[in-house]
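Heads up, work19.txt below (compact mmCIF, C-alpha atoms):
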```txt
# COMPACT_ATOMS: atom_id res chain seq x y z
CA MET T 50 -31.00 10.88 67.62
CA LYS T 51 -29.13 14.18 67.90
CA SER T 52 -25.58 14.37 66.61
CA PHE T 53 -23.02 17.10 66.28
CA ASP T 54 -19.91 17.13 64.12
CA ILE T 55 -17.85 20.29 64.49
CA GLU T 56 -16.12 19.62 61.17
CA LYS T 57 -19.46 20.20 59.41
CA ILE T 58 -19.41 23.80 60.65
CA GLY T 59 -15.76 24.17 59.76
CA LYS T 60 -13.86 27.35 60.57
CA LYS T 61 -16.30 29.89 59.24
CA MET T 62 -16.90 32.77 61.63
CA PRO T 63 -20.35 34.34 62.17
CA TYR T 64 -18.86 37.85 62.04
CA SER T 65 -18.77 39.89 58.86
CA ALA T 66 -15.21 39.88 57.54
CA PRO T 67 -13.34 43.18 57.22
CA SER T 68 -12.55 44.27 53.69
CA ALA T 69 -9.13 44.26 52.04
CA GLU T 70 -9.26 48.08 52.26
CA PHE T 71 -9.62 47.81 56.03
CA PHE T 72 -6.35 45.88 56.30
CA GLU T 73 -4.55 48.26 53.94
CA SER T 74 -5.71 51.26 55.91
CA PHE T 75 -4.91 49.47 59.19
CA THR T 76 -1.31 48.94 58.04
CA GLN T 77 -0.94 52.59 57.02
CA ASP T 78 -2.44 53.85 60.31
CA THR T 79 -0.18 51.58 62.34
CA MET T 80 2.95 52.67 60.45
CA ALA T 81 1.95 56.32 60.92
CA ARG T 82 1.55 55.75 64.67
CA ILE T 83 4.90 53.94 64.86
CA ASP T 84 6.55 56.85 63.05
CA ARG T 85 4.89 59.40 65.39
CA GLU T 86 5.87 57.47 68.51
CA SER T 87 9.43 56.87 67.28
CA ARG T 88 9.88 60.63 66.87
CA GLY T 89 8.42 61.19 70.34
CA ARG T 90 10.74 58.64 71.89
CA SER T 91 13.72 60.30 70.19
CA LEU T 92 12.65 63.61 71.74
CA VAL T 93 12.35 62.06 75.19
CA ARG T 94 15.76 60.41 74.77
CA GLY T 95 17.17 63.73 73.52
CA ALA T 96 15.75 65.53 76.54
CA PHE T 97 17.35 63.04 78.92
CA ILE T 98 20.69 63.38 77.14
CA SER T 99 20.36 67.18 77.25
CA VAL T 100 19.56 67.20 80.97
CA ALA T 101 22.40 64.77 81.67
CA SER T 102 24.81 66.90 79.60
CA MET T 103 23.66 70.02 81.42
CA ALA T 104 24.13 68.38 84.79
CA ALA T 105 27.63 67.35 83.74
CA SER T 106 28.36 70.91 82.52
CA VAL T 107 27.08 72.43 85.75
CA ALA T 108 29.18 70.02 87.76
CA LEU T 109 32.20 70.93 85.64
CA MET T 110 31.50 74.67 86.00
CA LEU T 111 31.14 74.36 89.75
CA THR T 112 34.38 72.46 89.85
CA MET T 113 36.14 75.04 87.69
CA ASN T 114 34.24 77.97 89.23
CA LEU T 115 33.35 79.46 85.80
CA PRO T 116 29.95 81.16 85.09
CA SER T 117 28.19 80.13 81.86
CA ASP T 118 24.67 80.09 80.32
CA SER T 119 25.58 78.21 77.13
CA THR T 120 23.31 75.21 77.86
CA ASN T 121 20.09 77.20 78.31
CA TYR T 122 19.16 77.35 74.64
CA SER T 123 19.33 73.64 73.88
CA LEU T 124 17.28 72.72 76.97
CA ALA T 125 14.59 75.29 76.12
CA SER T 126 14.40 73.93 72.59
CA TYR T 127 13.94 70.33 73.81
CA ASP T 128 11.36 71.50 76.37
CA SER T 129 9.33 73.16 73.66
CA ASP T 130 9.48 70.14 71.28
CA LEU T 131 8.63 67.80 74.13
CA ASP T 132 5.68 69.96 75.22
CA ALA T 133 4.35 70.00 71.65
CA TYR T 134 4.69 66.22 71.37
CA VAL T 135 3.03 65.51 74.72
CA THR T 136 0.23 68.00 74.00
CA ASN T 137 -0.60 66.13 70.79
CA LEU T 138 -0.85 62.75 72.52
CA SER T 139 -4.25 61.34 73.38
CA ASP T 140 -4.93 60.14 76.95
CA ASP T 141 -4.61 56.54 75.73
CA GLU T 142 -1.28 57.21 74.05
CA LEU T 143 0.03 58.98 77.15
CA SER T 144 -1.02 56.19 79.48
CA THR T 145 0.46 53.63 77.06
CA LEU T 146 3.74 55.55 76.91
CA PHE T 147 4.13 55.72 80.66
CA TYR T 148 2.78 52.20 81.26
CA ASP T 149 5.21 50.84 78.66
CA MET T 150 8.17 52.67 80.15
CA GLU T 151 7.45 51.19 83.56
CA LEU T 152 6.43 47.63 82.88
CA GLU T 153 7.22 46.19 79.51
CA GLY T 154 10.91 46.17 78.82
CA GLU T 155 11.56 43.12 80.94
CA PHE T 156 8.73 40.99 79.49
CA TYR T 157 9.56 41.55 75.82
CA SER T 158 13.31 41.25 76.22
CA ASN T 159 12.81 37.77 77.68
CA LEU T 160 11.05 36.28 74.67
CA MET Y 165 8.08 30.73 49.06
CA SER Y 166 7.62 28.74 52.29
CA GLN Y 167 6.46 30.39 55.52
CA GLN Y 168 9.89 29.81 57.06
CA ASN Y 169 11.65 31.51 54.14
CA LYS Y 170 9.25 34.45 54.30
CA GLU Y 171 9.93 34.82 58.03
CA SER Y 172 13.70 34.66 57.47
CA GLN Y 173 13.48 37.32 54.78
CA ILE Y 174 11.35 39.57 57.02
CA LEU Y 175 13.72 39.16 59.97
CA LYS Y 176 16.65 40.05 57.73
CA LEU Y 177 14.88 43.20 56.55
CA VAL Y 178 13.80 44.37 60.02
CA SER Y 179 17.26 43.78 61.48
CA SER Y 180 18.75 46.53 59.33
CA ALA Y 181 17.73 50.17 59.97
CA PRO Y 182 17.36 51.23 56.30
CA THR Y 183 15.01 48.29 55.47
CA ARG Y 184 13.29 48.03 58.85
CA GLN Y 185 10.03 49.70 57.82
CA GLU Y 186 9.85 47.73 54.56
CA GLY Y 187 10.35 44.50 56.50
CA PHE Y 188 7.77 45.48 59.06
CA VAL Y 189 5.15 46.26 56.42
CA ALA Y 190 5.85 42.80 54.91
CA LEU Y 191 5.43 41.26 58.37
CA MET Y 192 2.09 43.01 58.84
CA GLU Y 193 0.87 41.97 55.41
CA LEU Y 194 1.75 38.35 56.17
CA TYR Y 195 0.16 38.12 59.62
CA ARG Y 196 -2.36 40.94 60.05
CA GLU Y 197 -5.37 38.90 58.93
CA SER Y 198 -4.70 35.75 60.96
CA LEU Y 199 -3.85 37.86 64.02
CA TYR Y 200 -6.97 39.97 63.45
CA TRP Y 201 -9.13 36.84 63.71
CA HIS Y 202 -7.19 35.50 66.67
CA VAL Y 203 -7.72 38.75 68.60
CA ARG Y 204 -11.32 39.03 67.37
CA ARG Y 205 -12.11 35.62 68.82
CA MET Y 206 -10.68 36.84 72.14
CA VAL Y 207 -12.21 40.32 72.43
CA VAL Y 208 -15.25 39.82 70.11
CA SER Y 209 -15.88 43.38 68.91
CA HIS Y 210 -14.32 44.60 65.65
CA GLU Y 211 -13.41 48.02 67.08
CA ASP Y 212 -11.71 46.53 70.14
CA THR Y 213 -9.85 44.10 67.89
CA GLN Y 214 -8.58 46.98 65.80
CA ASP Y 215 -7.23 48.77 68.91
CA VAL Y 216 -5.67 45.65 70.42
CA LEU Y 217 -4.09 44.59 67.14
CA GLN Y 218 -2.58 48.00 66.52
CA GLU Y 219 -1.16 48.05 70.04
CA ALA Y 220 0.28 44.57 69.47
CA PHE Y 221 1.96 45.55 66.19
CA VAL Y 222 3.40 48.73 67.73
CA LYS Y 223 4.97 46.57 70.46
CA VAL Y 224 6.23 44.08 67.91
CA TYR Y 225 7.94 46.94 66.06
CA ARG Y 226 9.44 48.24 69.29
CA TYR Y 227 10.74 44.90 70.52
CA ILE Y 228 11.49 42.93 67.37
CA GLY Y 229 15.15 43.78 67.85
CA ASP Y 230 15.02 41.71 71.06
CA PHE Y 231 13.43 38.71 69.33
CA ARG Y 232 15.93 35.90 69.88
CA GLY Y 233 14.49 33.34 67.47
CA ASN Y 234 13.93 30.76 70.23
CA SER Y 235 10.46 30.28 68.76
CA SER Y 236 9.14 30.95 65.26
CA LEU Y 237 8.22 34.52 64.41
CA LYS Y 238 4.60 33.43 64.05
CA THR Y 239 4.52 32.01 67.59
CA TRP Y 240 6.12 35.16 68.99
CA LEU Y 241 3.55 37.34 67.20
CA TYR Y 242 0.71 35.23 68.57
CA LYS Y 243 2.21 35.58 72.03
CA VAL Y 244 2.44 39.35 71.81
CA ALA Y 245 -1.11 39.63 70.40
CA THR Y 246 -2.48 37.24 73.04
CA ASN Y 247 -0.84 39.18 75.87
CA GLU Y 248 -2.15 42.43 74.49
CA ALA Y 249 -5.69 41.00 74.26
CA ILE Y 250 -5.50 39.64 77.82
CA ARG Y 251 -4.24 43.01 79.06
CA TYR Y 252 -7.13 44.72 77.27
CA LEU Y 253 -9.70 42.29 78.71
CA LYS Y 254 -8.38 42.88 82.23
CA LYS Y 255 -8.52 46.64 81.71
CA ARG Y 256 -12.13 46.39 80.52
CA GLN Y 257 -13.03 44.22 83.47
CA VAL Y 258 -11.73 46.91 85.84
CA GLU Y 259 -13.69 49.57 83.94
CA THR Y 260 -16.96 47.58 84.03
CA GLN Y 261 -16.78 46.36 87.61
CA SER Y 262 -20.21 44.77 87.73
CA TYR Y 263 -19.49 42.29 84.92
CA ASP Y 264 -17.35 39.24 84.66
CA GLU Y 265 -15.44 38.79 81.41
CA GLN Y 266 -17.64 36.01 80.07
CA THR Y 267 -20.89 37.93 80.61
CA ARG Y 268 -19.46 41.05 79.00
CA LEU Y 269 -18.16 39.16 75.94
CA LEU Y 270 -21.49 37.38 75.50
CA GLU Y 271 -23.26 40.75 75.64
CA VAL Y 272 -20.93 42.20 73.01
CA PHE Y 273 -21.47 39.11 70.84
CA GLU Y 274 -25.25 39.23 71.17
CA GLY Y 275 -25.26 42.94 70.42
CA ASP Y 276 -23.65 42.45 67.01
CA SER Y 277 -26.46 43.15 64.54
CA THR Y 278 -24.53 41.64 61.61
CA ILE Y 279 -24.64 38.12 63.06
CA ASP Y 280 -27.24 35.56 61.98
CA PHE Y 281 -27.87 33.99 65.38
CA SER Y 282 -29.79 31.06 63.91
CA SER Y 283 -26.67 29.87 62.06
CA LEU Y 284 -24.62 26.97 63.38
CA GLU Y 285 -21.42 29.03 63.32
CA ALA Y 286 -23.06 31.65 65.57
CA LYS Y 287 -24.18 28.91 67.97
CA LEU Y 288 -20.67 27.48 67.95
CA GLN Y 289 -19.20 30.90 68.74
CA ARG Y 290 -21.63 31.31 71.60
CA ALA Y 291 -20.65 27.89 72.92
CA ILE Y 292 -16.96 28.88 72.76
CA LEU Y 293 -17.71 32.09 74.67
CA THR Y 294 -19.17 30.05 77.55
CA LEU Y 295 -15.80 28.30 78.07
CA SER Y 296 -13.27 29.43 80.69
CA PRO Y 297 -10.72 31.95 79.35
CA LYS Y 298 -7.95 29.32 79.27
CA GLN Y 299 -10.09 26.68 77.55
CA ARG Y 300 -11.29 29.30 75.07
CA LEU Y 301 -7.76 30.39 74.22
CA VAL Y 302 -6.51 26.83 73.77
CA PHE Y 303 -9.53 25.79 71.72
CA ASN Y 304 -9.27 28.81 69.40
CA LEU Y 305 -5.53 28.48 68.87
CA ARG Y 306 -5.82 24.76 68.14
CA TYR Y 307 -9.05 24.58 66.17
CA TYR Y 308 -9.07 27.86 64.23
CA ASP Y 309 -5.41 28.86 64.07
CA GLU Y 310 -4.18 25.25 63.79
CA LEU Y 311 -1.20 25.86 66.06
CA SER Y 312 0.52 22.76 67.41
CA TYR Y 313 0.31 22.06 71.13
CA GLU Y 314 4.00 22.95 71.36
CA GLN Y 315 3.33 26.35 69.78
CA ILE Y 316 0.30 26.93 72.03
CA ALA Y 317 2.49 26.05 75.03
CA GLU Y 318 4.88 28.85 74.02
CA VAL Y 319 2.07 31.33 73.41
CA SER Y 320 0.25 30.59 76.67
CA GLU Y 321 3.24 29.62 78.81
CA SER Y 322 1.67 26.27 79.71
CA ASN Y 323 2.70 22.65 79.34
CA VAL Y 324 1.50 20.41 76.54
CA ALA Y 325 -0.26 17.88 78.79
CA ALA Y 326 -2.34 20.60 80.47
CA LEU Y 327 -3.21 22.09 77.08
CA LYS Y 328 -4.38 18.74 75.69
CA SER Y 329 -6.58 18.34 78.73
CA ASN Y 330 -7.96 21.89 78.29
CA TYR Y 331 -8.73 21.21 74.64
CA HIS Y 332 -10.45 17.93 75.43
CA TYR Y 333 -12.70 19.53 78.08
CA ALA Y 334 -13.42 22.47 75.80
CA MET Y 335 -14.50 20.16 72.98
CA THR Y 336 -16.68 18.11 75.35
CA LYS Y 337 -18.43 21.25 76.66
CA ILE Y 338 -18.94 22.58 73.14
CA LYS Y 339 -20.48 19.31 71.97
CA GLU Y 340 -22.84 19.25 74.96
CA TYR Y 341 -23.86 22.84 74.33
CA MET Y 342 -24.38 22.29 70.63
CA LEU Y 343 -26.40 19.11 71.14
CA ASN Y 344 -28.74 21.08 73.43
CA GLN Y 345 -29.11 23.75 70.74
CA ILE Y 346 -29.76 21.38 67.85
CA GLU Y 347 -33.35 20.36 67.42
CA ASP Y 348 -34.18 16.67 66.91
```
Encoded form (structure tokens):
Amino acid sequence: MKSFDIEKIGKKMPYSAPSAEFFESFTQDTMARIDRESRGRSLVRGAFISVASMAASVALMLTMNLPSDSTNYSLASYDSDLDAYVTNLSDDELSTLFYDMELEGEFYSNL
Amino acid sequence: MSQQNKESQILKLVSSAPTRQEGFVALMELYRESLYWHVRRMVVSHEDTQDVLQEAFVKVYRYIGDFRGNSSLKTWLYKVATNEAIRYLKKRQVETQSYDEQTRLLEVFEGDSTIDFSSLEAKLQRAILTLSPKQRLVFNLRYYDELSYEQIAEVSESNVAALKSNYHYAMTKIKEYMLNQIED
């Protein structure tokens, strides 16, 4: 008579197991990506702050009726850093960045 | 050091900016292997597992400041990894419109040249891949990862009674499948 006892198979997987080097390298790659993305997010945040500051300055200038071009340099600098960061992103990283911005905050903050 | 103490130490390290990276590396070292196998059982291919797991850890790093400690760190990590794997599977299903998830996963499994398909563990894996996605998730988390039903309920956002029923049906189907595969 046929019989089957799952415990006799145990928890062994049929796949070949990744090496210890794989996990070491995986950790390093992940930390490098986190570092890269953290810098990118700081740039995006910086750009928003810069644009908001500029808008506030323009509003103030309009109110006070004073001409000024003092904010042009900082915005150009952020634009250039941001362009360089976005250019270096892969399609996957870009879609992840925008997908994350739109959808994830709520889910993870509720855990 | 107990698992709970390790988790407390990691959470202390990641909560402070100067030690955040050190704490996160410790977290990865503690859980990367068990999470690798959890995701591997869900998405089957090694390369896909690598991508999903990295995405999961990046999200963990990003949102660990929001972790409220309502569950254990381990359960939260399993939840993030599970959600990331499900998101990946859905994305792949959209990309390969002609396949359902089960057929695609079985194809990936059968295309792995490193597997000895005559082995019992390969037959068991194939049996698990014929289960519904929910039954497969519950079976894997309970049998391989040895999570309690309460932990699985948090990971899968289900209730314990439904999970016990899922596990029971999964085990019954697996036994039937395996008995058909085993020669007299």
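Take atom CA of Phe72 of chain T and atom CA of Arg251 of chain Y: the distance between them is 23.0 Å.
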Quiz item: What residues in chain Y lie within 8 Å of chain T, counting all atoms listed in the file, written as a PyMOL selection string?
Solution: chain Y and resi 189+192-193+196-197+214+218+221-222+225+227+230-232+234+240+278-280+283-286+289+307-308+339+342-343+346-348
Please, could you write that set of residues out with C-alpha atoms as an mmCIF file, keeping the file's coordinate frame?
```cif
data_model
loop_
_atom_site.group_PDB
_atom_site.id
_atom_site.type_symbol
_atom_site.label_atom_id
_atom_site.label_comp_id
_atom_site.auth_asym_id
_atom_site.auth_seq_id
_atom_site.Cartn_x
_atom_site.Cartn_y
_atom_site.Cartn_z
ATOM 1 C CA VAL Y 189 5.150 46.260 56.420
ATOM 2 C CA MET Y 192 2.090 43.010 58.840
ATOM 3 C CA GLU Y 193 0.870 41.970 55.410
ATOM 4 C CA ARG Y 196 -2.360 40.940 60.050
ATOM 5 C CA GLU Y 197 -5.370 38.900 58.930
ATOM 6 C CA GLN Y 214 -8.580 46.980 65.800
ATOM 7 C CA GLN Y 218 -2.580 48.000 66.520
ATOM 8 C CA PHE Y 221 1.960 45.550 66.190
ATOM 9 C CA VAL Y 222 3.400 48.730 67.730
ATOM 10 C CA TYR Y 225 7.940 46.940 66.060
ATOM 11 C CA TYR Y 227 10.740 44.900 70.520
ATOM 12 C CA ASP Y 230 15.020 41.710 71.060
ATOM 13 C CA PHE Y 231 13.430 38.710 69.330
ATOM 14 C CA ARG Y 232 15.930 35.900 69.880
ATOM 15 C CA ASN Y 234 13.930 30.760 70.230
ATOM 16 C CA TRP Y 240 6.120 35.160 68.990
ATOM 17 C CA THR Y 278 -24.530 41.640 61.610
ATOM 18 C CA ILE Y 279 -24.640 38.120 63.060
ATOM 19 C CA ASP Y 280 -27.240 35.560 61.980
ATOM 20 C CA SER Y 283 -26.670 29.870 62.060
ATOM 21 C CA LEU Y 284 -24.620 26.970 63.380
ATOM 22 C CA GLU Y 285 -21.420 29.030 63.320
ATOM 23 C CA ALA Y 286 -23.060 31.650 65.570
ATOM 24 C CA GLN Y 289 -19.200 30.900 68.740
ATOM 25 C CA TYR Y 307 -9.050 24.580 66.170
ATOM 26 C CA TYR Y 308 -9.070 27.860 64.230
ATOM 27 C CA LYS Y 339 -20.480 19.310 71.970
ATOM 28 C CA MET Y 342 -24.380 22.290 70.630
ATOM 29 C CA LEU Y 343 -26.400 19.110 71.140
ATOM 30 C CA ILE Y 346 -29.760 21.380 67.850
ATOM 31 C CA GLU Y 347 -33.350 20.360 67.420
ATOM 32 C CA ASP Y 348 -34.180 16.670 66.910
#
```
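Interatomic distance, atom CA of Gly187 of chain Y to atom CA of Gln173 of chain Y: 8.0 Å.
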Quiz item: Just how far from atom CA of Lys337 of chain Y is atom CA of Glu248 of chain Y, in Å to one decimal?
Solution: 26.8 Å
